[in-house]
Structures are given as C-alpha cells and as structure tokens.
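Peer 1: Structure below; questions to follow.
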Amino acid sequence: MKIPRRGSLRAALVTSVAVSALLLAGCSSANSDGSGDTAGSGSTTASDGAWSYKDATGATIKVDHTPKRVVVLNDIAISFIEYGLRPVGTFGQLTMAKDARFTGLDTDGITQLGTGYGDVDLEKLAALKPDLVVTSVYPTDEKGTLDTTQPGYGFKDKEQEKQIEAIAPVAQVKWGGKGEDVIDHIADLAESLGAKESTVEKAEHRFDAARDRLEEVTKENELSVVSMYADGDGAYVTRPSDEPTLQMYESFGVDLVNPKPKGFYWGIYSWENAGQISGDVILLSQQGYQVSDLEKQPTFADNAALRAGQVHSWTFPALDYASQADYMKKLAGWLEESKQLS
C-alpha cells in the first residue's frame with residue numbers, strides 16, 4: 001500500500017506563498033532564525049517571481065527570481081538531473097567522470113569545478129554567474145545536531161564558504177535523519193527550481209515499486225548486509241541509523257549490520273581487528289579499497305562474503321526517487337542471488 005509522503009508538505013508551501021510575497025524583496029541571504037526543527041523543509045515562489053528557501057541551518061535564502069543557473073554538490077546534482085534540471089556546475093569528492101552515479105546521465109554543459117573534496121575553482125564558479133549554490137550539511141551526532149561553525153559539505157573551510165557566498169547565495173540541505181524525509185526535501189527543492197511535478201511523481205512510482213520488491217525479497221531471504229569503506233588505515237563500517245539511505249533500507253526490511261566499535265556514523269576497525277566484521281553481503285564504497293585490495297589484507301582475506309563473491313559497490317546512491325529506485329532494484333537482485341553464510 002502506497003503511503004502518501006509529499007502532499008501535506010506541498011500544501012503547506014502553497015499556503016505560505018501569500019505571506020512570503022510580502023517578505024521577499026531584493027537578493028540576499030538572511031541569518032539563521034534558530035528554528036532548526038523545520039529548516040530545509042520549505043521553498044516558495046511568490047507572485048512577483050521572488051524565490052525563497054529555508055535551509056537546514058535555519059537561514060532563509062531569498063532571490064528576486066527563481067534561480068536558473070545553479071551550482072550543486074554532486075550528491076544533489078544527480079537528483080536535479082534525474083528530475084529534469086540542468087545544473088551549470090558541480091563539485092564534490094569525485095569528478096563526474098569518476099563517480100559511478102553519473103553513468104548514463106546527460107552531463108553535457110555541466111562544468112566540473114574541482115577534482116576532490118574542498119576543491120572549488122572560484123574563478124570558474126564566478127564565470128558561471130550562478131544564481132544559487134546548493135550543498136549539504138551532515139549532523140555531528142545521533143541526535144541530528146548541526147554544527148554551523150563548520151563549512152557546508154564539499155567546502156574546504158569557512159573562508160572558502162564566505163568566498164563562494166560572495167559569488168552566490170548558498171543553500172544547505174540536511175543529509176541526516178530519515179532517508180525518505182531527505183528525498184522529500186530534495187524533491188520539493190527541485191520542483192521550486194522548475195522541475196516538473198509529473199517528472200518527480202513518475203520517479204516516485206518507480207521508487208514505490210522498487211521498495212515493494214525489496215521488502216518482498218528481504219522477507220524471503222534472511223541475509224545480513226554490511227556497508228563499509230576501507231583504506232590503508234583500516235575498515236569503516238557504516239552505522240545504519242546514522243546514514244539516511246541505510247536507515248531507509250533498514251525500514252524496508254534489510255538486515256544491516258551495526259558495527260561493534262562505538263562512534264557516530266562509522267564503526268572503525270583497525271586491520272588487526274577487521275576479522276571481526278561479518279555479514280552475508282558486503283556493500284563496498286566506490287571510493288577507497290576495492291575487492292582486490294581487501295583480498296591482500298591478511299586479517300580480511302578469509303572474510304566469508306569476500307570469499308563467496310558477495311561484494312557489491314556502495315555508490316552512496318543519491319537521495320532522489322529515481323536514483324533510489326535504481327539502486328534498490330539492484331540490491332534486491334543481489335540479495336536474491338546471495339546465500340546465507342553464517
């Protein structure tokens with residue numbers, strides 16, 4: 001049974017338009033008003049064409065027209081493209097060419113502003129003449145606390161963030177809490193920037209079908225799944241409750257492994273202790289060590305899932321209906337093909 005997720009939010013936005021029309025004038029970025037509970041949940045376009053968005057930090061970004069030239073963090077740029085929008089530029093941990101999530105997407109005309117985290121070419125950014133820059137902000141603990149003294153995700157430091165804000169207003173989307181809430185916020189932001197509601201709804205129908213299939217498969221197959229990243233320092237197992245996508249998958253019935261080491265988001269294992277990591281299926285980050293690297297680690301080479309070939313790429317699928325539908329379809333197939341190892 002399909003549970004409506006977005007109707008009440010859209011209705012709230014419609015009723016707020018008349019009020020916001022009185023408030024929106026000029027182009028500016030306001031300071032936080034301290035009401036963090038609803039931050040990031042509302043964007044409006046007033047009758048005079050002005051646009052407003054209350055972001056995750058509580059700041060209200062106001063522009064005297066609907067932004068058309070938008071530069072976006074790659075995590076969110078993917079979602080915008082899926083919804084039919086065309087960012088003029090993107091930045092993030094990976095370039096579009098190296099990020100598997102961009103495979104099959106039309107990226108023509110989108111400028112790559114850097115090659116790694118914190119690398120944003122300010123001259124290129126200014127040349128794009130953006131109306132808006134969109135990035136994300138991660139909570140710092142399981143309570144969802146946001147540290148506004150730190151820069152937005154993808155920015156090197158607060159100084160760089162100020163330099164970017166001097167070029168265009170910056171909006172930050174909260175990347176934490178319930179996965180479906182984040183998906184909703186991004187979908188509404190995309191619609192406020194011109195994405196067609198019909199395009200979003202079509203993607204949502206695909207999402208619903210993929211969710212139903214994943215729930216069906218998890219009921220039929222009792223398999224544990226571990227999401228991890230690895231590098232020369234050790235293995236990092238994601239805590240499902242702290243990662244929006246994994247939280248959502250867990251609510252759909254996926255049995256995700258909780259790491260034993262304490263800590264927010266990651267449970268960190270040194271390579272000496274990596275043998276403690278267990279699970280029938282591994283979702284391995286597209287960044288860092290890959291299968292061939294794991295096989296060279298003496299304490300991990302005999303991991304049951306690794307030896308069984310039940311390792312699949314964890315791409316950190318973008319939090320939009322289309323991207324999630326595609327990944328959940330793959331995940332359901334992997335689980336169907338896997339066997340219980342413990």
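Ligands are numbered from 1 in the order shown, chains are lettered A, B, ... in the order of the structure tokens, and residues start at 1 in each chain.
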So that I can check the surroundings of Gln297 (chain A), please list as a list of chain:residue names every protein, DNA and RNA residue that reaches within 10 Å of it, counting only C-alpha atoms and ignoring chain neighbours fewer than 2 positions away.
Peer 2: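 Once the adjacent positions are removed, what remains is A:Gly232, A:Gly234, A:Trp271, A:Glu272, A:Ala274, A:Gly275, A:Ser292, A:Asp293, A:Leu294, A:Glu295, A:Thr299, A:Phe300, A:Ala301, A:Asp302.
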Peer 1: Running DSSP on the backbone, which parts of region 76-210 of chain A land in helix (DSSP H, G or I), as a ChimeraX atom specification?
Peer 2: /A:76-82,100-102,122-127,158-165,179-192,197-210
Peer 1: How far is it from CA of Trp175 (chain A) to CA of Ala195 (chain A), in Å with one decimal?
Peer 2: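 According to the coordinates, CA of Trp175 (chain A) and CA of Ala195 (chain A) are separated by 20.8 Å.
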Peer 1: Looking at A:Gly279, A:Gly309, A:Pro67, A:Gly177, which one is nearest to Thr145 (chain A), with distances taken over only C-alpha atoms?
Peer 2: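 Checking each candidate against Thr145 (chain A), we get A:Gly177 as the closest.
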Peer 1: Leaving out Val237 (chain A) and any residue of its chain fewer than 4 positions from it, which residues lie within 10 Å of it when counting only C-alpha atoms, given as a PyMOL selection string?
Peer 2: chain A and resi 226-230+257-261+265-269+274+277+283-284
Peer 1: What does the file look like for those residues with C-alpha atoms, as an mmCIF file, in the first residue's frame?
Peer 2:
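Listed below is the output, part-v7.cif:
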```cif
data_model
loop_
_atom_site.group_PDB
_atom_site.id
_atom_site.type_symbol
_atom_site.label_atom_id
_atom_site.label_comp_id
_atom_site.auth_asym_id
_atom_site.auth_seq_id
_atom_site.Cartn_x
_atom_site.Cartn_y
_atom_site.Cartn_z
ATOM 1 C CA VAL A 226 27.311 -4.706 5.917
ATOM 2 C CA SER A 227 28.139 -1.327 4.362
ATOM 3 C CA MET A 228 31.797 -0.371 4.573
ATOM 4 C CA TYR A 229 34.683 1.754 3.348
ATOM 5 C CA ALA A 230 38.310 0.683 3.620
ATOM 6 C CA VAL A 257 24.966 -4.953 10.438
ATOM 7 C CA ASN A 258 25.714 -2.493 13.240
ATOM 8 C CA PRO A 259 29.449 -2.061 13.899
ATOM 9 C CA LYS A 260 30.737 -3.027 17.324
ATOM 10 C CA PRO A 261 33.087 -0.056 17.837
ATOM 11 C CA TYR A 265 28.269 7.227 11.577
ATOM 12 C CA TRP A 266 31.318 4.929 11.430
ATOM 13 C CA GLY A 267 32.467 1.990 13.495
ATOM 14 C CA ILE A 268 36.220 1.980 12.842
ATOM 15 C CA TYR A 269 38.202 -1.286 12.786
ATOM 16 C CA ALA A 274 38.997 -6.270 10.759
ATOM 17 C CA ILE A 277 33.497 -7.738 10.565
ATOM 18 C CA LEU A 283 28.272 -3.124 0.124
ATOM 19 C CA LEU A 284 31.733 -1.698 -0.524
#
```
Peer 1: Neighbours of region 250-254 of chain A within 6 Å (only C-alpha atoms; same-chain residues fewer than 3 positions away dropped), as a list in words?
Peer 2: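 Skipping anything fewer than 3 positions along the chain leaves Glu215, Thr218 and Gln247 of chain A.
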Peer 1: Taking only C-alpha atoms into account, name the residue in A:Asp157, A:Glu337, A:Asp181, A:Glu123 that is nearest to Leu223 (chain A).
Peer 2: A:Glu337
Peer 1: Please provide as JSON, numbers by chain all residues within 8 Å of Glu204 (chain A), with the sequence filter that same-chain residues fewer than 4 positions apart are discarded (counting only C-alpha atoms).
Peer 2: {"A": [200, 208, 321, 322]}
Peer 1: If you take only C-alpha atoms and a cut-off of 10 Å, which residues of region 50-89 of chain A touch region 184-193 of chain A, and what are their nearest atom pairs and distances in Å to one decimal, in chain and number order, as a tab-separated table?
Peer 2:
```
residue	atom	partner	partner_atom	distance
A:Trp51	CA	A:Ser192	CA	8.2
A:Ser52	CA	A:Ser192	CA	9.0
A:Tyr53	CA	A:Leu189	CA	8.0
A:Asp55	CA	A:His185	CA	9.8
A:His65	CA	A:Leu193	CA	10.0
A:Thr66	CA	A:Leu193	CA	6.2
A:Pro67	CA	A:Leu193	CA	6.3
A:Lys68	CA	A:Leu193	CA	7.1
A:Arg69	CA	A:Leu193	CA	9.9
A:Val70	CA	A:Leu193	CA	9.1
A:Ile76	CA	A:Ile186	CA	7.7
A:Ser79	CA	A:Ile186	CA	7.7
A:Phe80	CA	A:Ala190	CA	6.2
A:Ile81	CA	A:Ala190	CA	9.5
A:Glu82	CA	A:Ala190	CA	9.9
A:Tyr83	CA	A:Ala190	CA	7.2
A:Gly84	CA	A:Ala190	CA	8.9
A:Leu85	CA	A:Ala190	CA	7.6
```
Peer 1: Skipping near chain neighbours, those fewer than 3 positions away, what residues fall within 7 Å of region 324-335 of chain A using only C-alpha atoms, listed as an NGL selection string?
Peer 2: :A and (206-207 or 210-211 or 213-214 or 217 or 317-321 or 338)
Peer 1: How would the residues just chosen look if you wrote them out with N, CA and C atoms as an mmCIF file, in the first residue's frame?
Peer 2:
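The resulting file, out29.cif, is reproduced below:
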```
data_model
loop_
_atom_site.group_PDB
_atom_site.id
_atom_site.type_symbol
_atom_site.label_atom_id
_atom_site.label_comp_id
_atom_site.auth_asym_id
_atom_site.auth_seq_id
_atom_site.Cartn_x
_atom_site.Cartn_y
_atom_site.Cartn_z
ATOM 1 N N ARG A 206 8.235 4.684 -9.557
ATOM 2 C CA ARG A 206 9.312 3.696 -9.695
ATOM 3 C C ARG A 206 9.888 3.340 -8.328
ATOM 4 N N PHE A 207 10.042 4.345 -7.499
ATOM 5 C CA PHE A 207 10.551 4.149 -6.139
ATOM 6 C C PHE A 207 9.634 3.209 -5.363
ATOM 7 N N ALA A 210 10.072 -0.374 -6.541
ATOM 8 C CA ALA A 210 11.345 -0.937 -6.110
ATOM 9 C C ALA A 210 11.336 -1.227 -4.611
ATOM 10 N N ARG A 211 10.721 -0.336 -3.838
ATOM 11 C CA ARG A 211 10.607 -0.553 -2.400
ATOM 12 C C ARG A 211 9.809 -1.818 -2.112
ATOM 13 N N ARG A 213 9.392 -4.381 -3.988
ATOM 14 C CA ARG A 213 10.181 -5.553 -4.386
ATOM 15 C C ARG A 213 11.263 -5.849 -3.355
ATOM 16 N N LEU A 214 11.931 -4.818 -2.852
ATOM 17 C CA LEU A 214 12.969 -5.016 -1.848
ATOM 18 C C LEU A 214 12.379 -5.601 -0.571
ATOM 19 N N VAL A 217 11.748 -9.301 -1.135
ATOM 20 C CA VAL A 217 12.971 -10.104 -1.151
ATOM 21 C C VAL A 217 13.540 -10.272 0.254
ATOM 22 N N PRO A 317 23.997 6.000 -3.220
ATOM 23 C CA PRO A 317 23.027 6.458 -4.213
ATOM 24 C C PRO A 317 22.373 7.772 -3.792
ATOM 25 N N ALA A 318 22.215 8.657 -4.764
ATOM 26 C CA ALA A 318 21.650 9.972 -4.476
ATOM 27 C C ALA A 318 20.256 9.827 -3.882
ATOM 28 N N LEU A 319 19.891 10.789 -3.037
ATOM 29 C CA LEU A 319 18.610 10.708 -2.348
ATOM 30 C C LEU A 319 17.504 11.380 -3.165
ATOM 31 N N ASP A 320 17.165 10.707 -4.251
ATOM 32 C CA ASP A 320 16.011 11.079 -5.051
ATOM 33 C C ASP A 320 15.288 9.793 -5.426
ATOM 34 N N TYR A 321 14.043 9.916 -5.842
ATOM 35 C CA TYR A 321 13.231 8.734 -6.120
ATOM 36 C C TYR A 321 13.836 7.865 -7.217
ATOM 37 N N SER A 338 22.249 -14.146 -3.506
ATOM 38 C CA SER A 338 23.210 -14.446 -2.447
ATOM 39 C C SER A 338 22.728 -15.579 -1.563
#
```
Peer 1: Considering only C-alpha atoms, return as a VMD selection string whatever protein or nucleic-acid residues lie within 9 Å of Ala171 (chain A), sequence-local ones (same chain, fewer than 4 positions apart) excluded.
Peer 2: chain A and resid 40 53 to 57 59 to 61 132 to 136 152
Peer 1: Store the residues picked out above in a file with N, CA and C atoms, as a tab-separated table (two decimals), in the first residue's frame.
Peer 2:
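What follows is the written file out_1.tsv:
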```
chain	number	residue	atom	x	y	z
A	40	GLY	N	15.09	23.62	6.15
A	40	GLY	CA	15.31	22.80	4.97
A	40	GLY	C	14.05	22.20	4.42
A	53	TYR	N	13.99	30.03	0.14
A	53	TYR	CA	14.21	28.67	0.63
A	53	TYR	C	14.81	28.73	2.02
A	54	LYS	N	14.16	28.06	2.95
A	54	LYS	CA	14.68	27.96	4.32
A	54	LYS	C	15.51	26.70	4.40
A	55	ASP	N	16.82	26.85	4.59
A	55	ASP	CA	17.68	25.68	4.52
A	55	ASP	C	17.88	25.02	5.89
A	56	ALA	N	18.71	23.98	5.90
A	56	ALA	CA	18.86	23.15	7.11
A	56	ALA	C	19.47	23.91	8.27
A	57	THR	N	20.22	24.96	8.00
A	57	THR	CA	20.86	25.73	9.08
A	57	THR	C	19.90	26.73	9.71
A	59	ALA	N	18.80	29.32	7.97
A	59	ALA	CA	18.92	30.53	7.15
A	59	ALA	C	17.87	30.51	6.04
A	60	THR	N	17.34	31.67	5.72
A	60	THR	CA	16.40	31.79	4.61
A	60	THR	C	17.11	32.48	3.45
A	61	ILE	N	17.22	31.77	2.34
A	61	ILE	CA	17.86	32.31	1.15
A	61	ILE	C	16.78	32.95	0.30
A	132	LEU	N	22.55	30.55	-7.55
A	132	LEU	CA	22.42	29.79	-6.31
A	132	LEU	C	23.45	28.67	-6.29
A	133	VAL	N	23.97	28.38	-5.09
A	133	VAL	CA	24.84	27.22	-4.87
A	133	VAL	C	24.15	26.33	-3.84
A	134	VAL	N	24.06	25.05	-4.14
A	134	VAL	CA	23.38	24.12	-3.23
A	134	VAL	C	24.37	23.06	-2.77
A	135	THR	N	24.46	22.85	-1.47
A	135	THR	CA	25.28	21.79	-0.92
A	135	THR	C	24.51	21.12	0.21
A	136	SER	N	25.19	20.28	0.97
A	136	SER	CA	24.53	19.58	2.07
A	136	SER	C	25.27	19.86	3.38
A	152	GLY	N	29.84	24.14	4.87
A	152	GLY	CA	28.97	23.19	4.21
A	152	GLY	C	29.78	22.08	3.58
```
Peer 1: Can you check which residues of region 159-282 of chain A DSSP gives as strand (DSSP E or B) on the backbone and send them as a PyMOL selection string?
Peer 2: chain A and resi 170-174+224-231+234-238+255-256+266-269+281-282
Peer 1: Convert the current residue selection to file output with C-alpha atoms, as an mmCIF file, in the first residue's frame.
Peer 2:
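part17.cif was written with the following content:
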```cif
data_model
loop_
_atom_site.group_PDB
_atom_site.id
_atom_site.type_symbol
_atom_site.label_atom_id
_atom_site.label_comp_id
_atom_site.auth_asym_id
_atom_site.auth_seq_id
_atom_site.Cartn_x
_atom_site.Cartn_y
_atom_site.Cartn_z
ATOM 1 C CA VAL A 170 24.425 29.127 -0.590
ATOM 2 C CA ALA A 171 21.635 26.759 0.485
ATOM 3 C CA GLN A 172 22.383 23.697 2.621
ATOM 4 C CA VAL A 173 20.247 20.537 2.683
ATOM 5 C CA LYS A 174 20.385 18.330 5.793
ATOM 6 C CA SER A 224 22.799 -9.721 6.812
ATOM 7 C CA VAL A 225 24.298 -6.800 4.922
ATOM 8 C CA VAL A 226 27.311 -4.706 5.917
ATOM 9 C CA SER A 227 28.139 -1.327 4.362
ATOM 10 C CA MET A 228 31.797 -0.371 4.573
ATOM 11 C CA TYR A 229 34.683 1.754 3.348
ATOM 12 C CA ALA A 230 38.310 0.683 3.620
ATOM 13 C CA ASP A 231 41.742 2.215 3.131
ATOM 14 C CA GLY A 234 41.528 0.208 8.374
ATOM 15 C CA ALA A 235 37.896 -0.637 7.673
ATOM 16 C CA TYR A 236 34.990 1.677 8.411
ATOM 17 C CA VAL A 237 31.559 0.105 8.854
ATOM 18 C CA THR A 238 28.596 2.431 8.487
ATOM 19 C CA ASP A 255 19.111 -6.644 7.910
ATOM 20 C CA LEU A 256 22.013 -4.216 8.183
ATOM 21 C CA TRP A 266 31.318 4.929 11.430
ATOM 22 C CA GLY A 267 32.467 1.990 13.495
ATOM 23 C CA ILE A 268 36.220 1.980 12.842
ATOM 24 C CA TYR A 269 38.202 -1.286 12.786
ATOM 25 C CA VAL A 281 26.696 -9.425 1.767
ATOM 26 C CA ILE A 282 29.123 -6.502 1.643
#
```
Peer 1: Which distance in Å separates CA of Pro87 (chain A) and CA of Leu122 (chain A), to one decimal?
Peer 2: 16.4 Å
Peer 1: Determine the nearest neighbour of Arg101 (chain A) from the options A:Phe316, A:Val291, A:Ile167, A:Leu341, counting only C-alpha atoms.
Peer 2: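 Of A:Phe316, A:Val291, A:Ile167, A:Leu341, the one nearest Arg101 (chain A), counting only C-alpha atoms, is A:Phe316.
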